[in-house]
Amino acid sequence: MDGLALPVLREYYDTLLRAHGGQNWWPARTRFEVIVGAILTQNTSWTNVERVIVALRRERLLSVRGLEEISEAALAQLVRSSGYFRQKARKLKAFVHFLRTNYQGSLDKMFRTPTAVLREQLLAIHGIGPETADSILLYAGDHPVFVVDAYTRRMLQRHGHADVRDPYEEIRALFERSLPADPALFNEYHALIVHTGKHFCRTKNPRCSECPLRPFLPPTIKEMR
DNA sequence: TGCCAGGCCGGGT
DNA sequence: ACCCGGCATGGC
């Protein structure tokens with residue numbers, strides 16, 4: 001992948017927006033809930049996460065204090081249905097510990113930190129990798145970073161713009177230099193990619209013929225004959 | 001019934 | 001700098 005912007009990424013966005021309309025993501029009531037959801041949904045379907053969010057809300061645990069006061073073992077049981085539950089309990093604990101230690105438990109203070117600095121801090125937390133860090137920055141903090149996930153990679157790969165093994169940072173840089181640095185745009189674009197991916201690009205039963213981006217696909221071998 | 005889902009870590013080359 | 005096994009539940 002070279003260092004050039006890809007104007008076609010703007011066309012994809014326009015096309016997806018026309019086809020599906022605004023997605024109004026991320027499904028969450030508060031910034032803290034966004035962060036919890038971002039951690040819980042790692043390699044896990046959102047339906048498995050939703051039950052946990054509901055349970056945590058019922059237990060009044062969707063707050064920094066709440067997660068600080070419950071034991072890790074008890075938390076693990078509550079997040080069970082989101083999978084990797086011991087790992088995720090530890091990760092949630094690690095995040096609130098970070099927030100308390102560095103920002104007195106205040107998301108306001110945390111998100112006032114310059115984007116690049118905060119991104120590095122988030123990446124240093126156990127359980128927060130590039131996608132989770134960027135989801136937190138964009139969807140909870142309204143910072144202008146593009147979130148790259150499995151759907152994003154699949155889309156670029158199918159259209160011949162990237163390889164599966166391209167590093168996360170390169171994919172992110174590609175989007176960020178091809179688009180204006182607008183959090184609302186990045187937010188909507190990523191939501192549209194996920195929405196489109198879920199409906200048309202599943203490994204099983206792909207309905208690619210109905211995908212709005214189909215006109216942009218390179219011809220298959222069969223079609224070239 | 002196996003495969004998959006909005007990743008990340010730690011240890012090994 | 002990559003590569004890989006482990007982590008775990010619920011839906012189809």
# chains A, B, ... in the order shown; residues from 1 in each chain; ligands from 1
>>> closest_atom_pairs(of="chain B", to="chain A", cutoff="6 Å", atoms="only C-alpha atoms (C1' of nucleotides)", output="CSV")
residue,atom,partner,partner_atom,distance
B:DA5,C1',A:Ser45,CA,4.4
B:DG7,C1',A:Gln42,CA,4.7
B:DC8,C1',A:Gly127,CA,5.9
>>> closest_atom_pairs(of="chain C", to="chain A", cutoff="9 Å", atoms="only C-alpha atoms (C1' of nucleotides)", output="Markdown table")
| residue | atom | partner | partner_atom | distance |
| --- | --- | --- | --- | --- |
| C:DC7 | C1' | A:Tyr84 | CA | 5.4 |
| C:DA8 | C1' | A:Gly83 | CA | 4.3 |
| C:DT9 | C1' | A:Gly83 | CA | 4.3 |
| C:DG10 | C1' | A:Asn48 | CA | 6.5 |
| C:DG11 | C1' | A:Thr47 | CA | 8.9 |
>>> atom_distance(atom1="atom CA of A:Ala173", atom2="atom CA of A:Gln157")
15.7 Å
>>> select_by_dssp(residues="stretch 36-102 of chain A", states="alpha helix (DSSP H)", output="PyMOL selection string")
chain A and resi 36-40+46-58+64-69+72-78+85-102
>>> residues_around(residues="A:Asp163", least_positions_apart="6", cutoff="10 Å", atoms="only C-alpha atoms (C1' of nucleotides)", output="count of residues only")
6
>>> atom_distance(atom1="atom CA of A:Pro144", atom2="atom CA of A:Tyr189")
12.1 Å
>>> residues_around(residues="A:Trp26", least_positions_apart="3", cutoff="10 Å", atoms="only C-alpha atoms (C1' of nucleotides)", output="PyMOL selection string")
chain A and resi 23+29-31+33-34+37-38+135+138-140+187-188+191
>>> residues_around(residues="stretch 114-119 of chain A", least_positions_apart="3", cutoff="9 Å", atoms="only C-alpha atoms (C1' of nucleotides)", output="VMD selection string")
chain A and resid 110 to 111 122 to 124 130 133 to 134 137 143 to 145
